[in-house]
Amino acid sequence: MSEAPVEADDAFAGVAGQPQLVAQLRAASFAPVHAYLLVGPAGAGTAAAAVAFAAALLCPAAGCGTCRDCRLALAGGHPDAVTFAPEGAFLRIADAEEIIRVAVRSPIEGRRKVLVLADFHRVQRVGPALLKTIEEPPESTVFVVLADNVPPELVTIASRCVRIDVAPVPAPTLMALLVAEGVEETRAATAATAAGGNLDRARLLVSDSGLDRRRRAWAGVPESLDGSGAAVAVVAAELLELVEEAAGPLRRAHAEELAELEARVASTGERGSGRGRLEASQRRALRRHRTDELRFGLATLAGRYREALVRPGADPGPVLTGLDAITAASVALTRNPNETLLLQALLLRLPRLSTP
């Protein structure tokens, strides 16, 4: 599906690579219901789409992109567009209480208030506390719920929302977007392939000099296994060290953001600089980056075992068992596991492969 051009003065101009999602939200902005659930992987555009949708819901012209409501909402500064995201591994009771308090409060400026609930797949135990509010909020409140997936504890809330599934951005689309931003084609292709449909990650990977080395390390794991716990411990430690190193570009970008914030505060003397919110957002980004990097590694590893399946004379049984174990590990990442134990348990189940 080709992407229709989005006007620069449109509230949805910042949502790249998701024309169907933009069309659905644009249509919904004219006659919104009480709650929407956007389900899709990080970097697929759900966060940008939620911000744009909030702007459209607050805008008198349903998302012109230029009015005061749009400008404030798109910049994250509109008093009637509030975003909540869990700062820890899961949403806390205190978070749920604050969401309910804000939801029942009247809009500050206009006739409508939008609450964006980010990372809601981490709702865990507080889902029941929020169910009634999301199901029947005041007429002036619209919920926009974002989740990577729908775990069992989110199923009931999901049934009360209009669900919109958001697919990862296809690699060719990612590559085209990167090239349009000035990235060299070969580098754009490499980053797009490794990004797993995540535009934010693709943009980060274009400046990541260690990407190829990490890919080779994960691809070489099957030859490093000998069935012993000692080998597994060494390989798992090496892989997690690479995961930590991969965060280097993101940490540098975060340092620049904080420096810019401090410089602005020093020059303007403004109060309420938002440093706490920025640091919390950066922590969430780093946590998500680790998960993305592990998914990239697991996908690379799965590719090696799929290649082994088609070799002449290959025994498919152990290889298929290995692929099942990799899939299970990838699913387990949504539950915030102990990474060391997860990798060690996985590597113990993987058969050794010889170099083709």
# chains A, B, ... in the order shown; residues from 1 in each chain; ligands from 1
>>> select_by_dssp(residues="region 68-184 of chain A", states="strand (DSSP E)", output="PDB file with N, CA and C atoms, in the first residue's frame")
ATOM      1  N   ALA A  81      -4.268  17.410  27.170  1.00  0.00           N
ATOM      2  CA  ALA A  81      -3.708  16.196  26.565  1.00  0.00           C
ATOM      3  C   ALA A  81      -2.653  15.668  27.531  1.00  0.00           C
ATOM      4  N   VAL A  82      -2.993  14.629  28.252  1.00  0.00           N
ATOM      5  CA  VAL A  82      -2.136  14.121  29.326  1.00  0.00           C
ATOM      6  C   VAL A  82      -1.681  12.712  28.995  1.00  0.00           C
ATOM      7  N   THR A  83      -0.372  12.464  29.113  1.00  0.00           N
ATOM      8  CA  THR A  83       0.180  11.129  28.854  1.00  0.00           C
ATOM      9  C   THR A  83       0.666  10.504  30.153  1.00  0.00           C
ATOM     10  N   PHE A  84       0.278   9.248  30.359  1.00  0.00           N
ATOM     11  CA  PHE A  84       0.750   8.475  31.510  1.00  0.00           C
ATOM     12  C   PHE A  84       1.565   7.297  30.996  1.00  0.00           C
ATOM     13  N   LYS A 113     -10.995  16.336  26.910  1.00  0.00           N
ATOM     14  CA  LYS A 113      -9.695  16.002  27.478  1.00  0.00           C
ATOM     15  C   LYS A 113      -9.279  14.636  26.923  1.00  0.00           C
ATOM     16  N   VAL A 114      -7.988  14.476  26.605  1.00  0.00           N
ATOM     17  CA  VAL A 114      -7.476  13.219  26.052  1.00  0.00           C
ATOM     18  C   VAL A 114      -6.418  12.661  26.996  1.00  0.00           C
ATOM     19  N   LEU A 115      -6.595  11.415  27.403  1.00  0.00           N
ATOM     20  CA  LEU A 115      -5.622  10.733  28.243  1.00  0.00           C
ATOM     21  C   LEU A 115      -4.959   9.623  27.435  1.00  0.00           C
ATOM     22  N   VAL A 116      -3.658   9.733  27.227  1.00  0.00           N
ATOM     23  CA  VAL A 116      -2.886   8.713  26.516  1.00  0.00           C
ATOM     24  C   VAL A 116      -2.211   7.828  27.558  1.00  0.00           C
ATOM     25  N   LEU A 117      -2.525   6.553  27.544  1.00  0.00           N
ATOM     26  CA  LEU A 117      -1.945   5.586  28.484  1.00  0.00           C
ATOM     27  C   LEU A 117      -0.924   4.749  27.733  1.00  0.00           C
ATOM     28  N   THR A 141     -14.068  13.034  28.304  1.00  0.00           N
ATOM     29  CA  THR A 141     -12.775  12.349  28.343  1.00  0.00           C
ATOM     30  C   THR A 141     -12.688  11.264  27.284  1.00  0.00           C
ATOM     31  N   VAL A 142     -11.565  11.252  26.561  1.00  0.00           N
ATOM     32  CA  VAL A 142     -11.275  10.193  25.591  1.00  0.00           C
ATOM     33  C   VAL A 142      -9.958   9.536  25.987  1.00  0.00           C
ATOM     34  N   PHE A 143      -9.974   8.214  26.107  1.00  0.00           N
ATOM     35  CA  PHE A 143      -8.759   7.455  26.395  1.00  0.00           C
ATOM     36  C   PHE A 143      -8.135   6.963  25.088  1.00  0.00           C
ATOM     37  N   VAL A 144      -6.798   7.070  25.001  1.00  0.00           N
ATOM     38  CA  VAL A 144      -6.040   6.469  23.909  1.00  0.00           C
ATOM     39  C   VAL A 144      -5.008   5.562  24.566  1.00  0.00           C
ATOM     40  N   VAL A 145      -5.244   4.276  24.498  1.00  0.00           N
ATOM     41  CA  VAL A 145      -4.420   3.293  25.191  1.00  0.00           C
ATOM     42  C   VAL A 145      -3.427   2.675  24.198  1.00  0.00           C
ATOM     43  N   LEU A 146      -2.152   2.629  24.584  1.00  0.00           N
ATOM     44  CA  LEU A 146      -1.108   2.068  23.734  1.00  0.00           C
ATOM     45  C   LEU A 146      -0.533   0.818  24.378  1.00  0.00           C
ATOM     46  N   ALA A 147      -0.422  -0.253  23.609  1.00  0.00           N
ATOM     47  CA  ALA A 147       0.132  -1.496  24.141  1.00  0.00           C
ATOM     48  C   ALA A 147       0.883  -2.229  23.041  1.00  0.00           C
ATOM     49  N   VAL A 162     -12.211   0.600  21.249  1.00  0.00           N
ATOM     50  CA  VAL A 162     -12.092   0.369  19.808  1.00  0.00           C
ATOM     51  C   VAL A 162     -10.641   0.000  19.546  1.00  0.00           C
ATOM     52  N   ARG A 163     -10.413  -1.221  19.107  1.00  0.00           N
ATOM     53  CA  ARG A 163      -9.044  -1.712  18.920  1.00  0.00           C
ATOM     54  C   ARG A 163      -8.564  -1.452  17.495  1.00  0.00           C
ATOM     55  N   ILE A 164      -7.352  -0.912  17.401  1.00  0.00           N
ATOM     56  CA  ILE A 164      -6.711  -0.695  16.103  1.00  0.00           C
ATOM     57  C   ILE A 164      -5.344  -1.376  16.151  1.00  0.00           C
ATOM     58  N   ASP A 165      -5.153  -2.389  15.344  1.00  0.00           N
ATOM     59  CA  ASP A 165      -3.870  -3.094  15.304  1.00  0.00           C
ATOM     60  C   ASP A 165      -2.916  -2.368  14.366  1.00  0.00           C
TER      61      ASP A 165
END
>>> residues_around(residues="Leu350 (chain A)", least_positions_apart="5", cutoff="8 Å", atoms="only C-alpha atoms", output="PyMOL selection string")
chain A and resi 222+225+318-319+321-322+325
>>> write_last_selection(atoms="N, CA and C atoms", output="compact mmCIF listing (two decimals), in the first residue's frame")
# COMPACT_ATOMS: atom_id res chain seq x y z
N PRO A 222 25.38 -20.64 17.66
CA PRO A 222 25.21 -22.09 17.56
C PRO A 222 26.52 -22.88 17.47
N LEU A 225 28.23 -23.41 21.25
CA LEU A 225 27.59 -24.24 22.27
C LEU A 225 28.16 -25.65 22.22
N PRO A 318 15.81 -31.61 16.39
CA PRO A 318 16.49 -30.69 17.30
C PRO A 318 16.42 -29.23 16.85
N VAL A 319 16.46 -29.03 15.52
CA VAL A 319 16.42 -27.66 15.01
C VAL A 319 15.06 -27.03 15.30
N THR A 321 13.06 -27.85 17.70
CA THR A 321 13.02 -27.62 19.15
C THR A 321 13.72 -26.31 19.49
N GLY A 322 14.87 -26.07 18.84
CA GLY A 322 15.59 -24.82 19.06
C GLY A 322 14.78 -23.61 18.64
N ALA A 325 12.18 -22.85 21.17
CA ALA A 325 12.75 -22.24 22.37
C ALA A 325 13.03 -20.76 22.13
>>> residues_around(residues="region 69-71 of chain A", least_positions_apart="2", cutoff="8 Å", atoms="only C-alpha atoms", output="NGL selection string")
:A and (11 or 55-56 or 58-59 or 63-67 or 73-75 or 78)
>>> select_by_dssp(residues="region 116-264 of chain A", states="alpha helix (DSSP H)", output="PyMOL selection string")
chain A and resi 127-135+155-158+171-180+185-194+199-205+211-219+221-224+229-246+248-264
>>> residues_around(residues="region 120-135 of chain A", least_positions_apart="6", cutoff="10 Å", atoms="only C-alpha atoms", output="compact mmCIF listing (two decimals) with C-alpha atoms, in the first residue's frame")
# COMPACT_ATOMS: atom_id res chain seq x y z
CA HIS A 34 -14.75 6.95 24.80
CA ALA A 35 -11.64 4.77 24.32
CA TYR A 36 -9.25 3.52 21.65
CA LEU A 37 -6.61 0.80 21.97
CA LEU A 38 -3.63 0.95 19.60
CA VAL A 39 -1.82 -2.39 19.62
CA PHE A 84 0.75 8.47 31.51
CA ALA A 85 3.51 5.86 31.32
CA PRO A 86 4.68 3.49 34.05
CA GLY A 88 8.83 1.15 36.80
CA ALA A 89 8.45 -2.31 35.35
CA PHE A 90 4.66 -2.24 35.81
CA LEU A 91 1.84 0.20 36.43
CA ARG A 92 1.38 0.92 40.14
CA ILE A 93 -1.78 1.46 42.18
CA ALA A 94 -0.67 5.09 42.66
CA ASP A 95 -0.50 5.47 38.86
CA ALA A 96 -4.01 4.06 38.50
CA GLU A 97 -5.34 6.44 41.15
CA ILE A 99 -5.25 8.30 36.01
CA ILE A 100 -8.71 8.07 37.56
CA ARG A 101 -8.34 11.48 39.23
CA ALA A 103 -10.00 11.29 33.95
CA VAL A 104 -12.92 12.55 36.04
CA THR A 141 -12.77 12.35 28.34
CA VAL A 142 -11.28 10.19 25.59
CA PHE A 143 -8.76 7.45 26.40
CA VAL A 144 -6.04 6.47 23.91
CA VAL A 145 -4.42 3.29 25.19
CA LEU A 146 -1.11 2.07 23.73
CA ALA A 147 0.13 -1.50 24.14
CA ASP A 148 2.76 -3.64 22.46
CA ASN A 149 0.44 -6.63 22.90
CA VAL A 150 -2.66 -7.67 24.82
CA PRO A 151 -1.67 -9.85 27.81
CA PRO A 152 -4.42 -11.68 29.77
CA GLU A 153 -4.68 -8.88 32.34
CA LEU A 154 -5.53 -6.39 29.57
CA VAL A 155 -8.17 -8.46 27.75
CA THR A 156 -11.17 -7.08 29.65
CA ILE A 157 -10.09 -3.46 29.21
CA ALA A 158 -9.35 -4.15 25.54
CA SER A 159 -12.92 -5.36 25.05
CA ARG A 160 -14.17 -1.92 26.14
CA CYS A 161 -12.08 -0.05 23.56
CA THR A 334 7.15 -8.96 27.36
CA ARG A 335 7.15 -10.04 31.03
CA ASN A 336 10.29 -8.12 32.04
>>> atom_distance(atom1="CA of His289 (chain A)", atom2="CA of Ala247 (chain A)")
7.1 Å
>>> atom_distance(atom1="CA of Glu223 (chain A)", atom2="CA of Ala192 (chain A)")
26.9 Å
>>> atom_distance(atom1="CA of Arg214 (chain A)", atom2="CA of Gly182 (chain A)")
24.6 Å
>>> closest_residue(among="A:Leu353, A:Leu199, A:Ala188, A:Leu258", to="Gly220 (chain A)", atoms="only C-alpha atoms")
A:Leu353
>>> residues_around(residues="Phe296 (chain A)", least_positions_apart="4", cutoff="7 Å", atoms="only C-alpha atoms", output="MDAnalysis selection string")
chainID A and resid 194 292 300
>>> residues_around(residues="Gln18 (chain A)", least_positions_apart="4", cutoff="8 Å", atoms="only C-alpha atoms", output="number ranges by chain")
A: 3, 22, 44-45, 169
>>> residues_around(residues="Arg275 (chain A)", least_positions_apart="6", cutoff="12 Å", atoms="only C-alpha atoms", output="PyMOL selection string")
chain A and resi 254-255+257-265+281-282
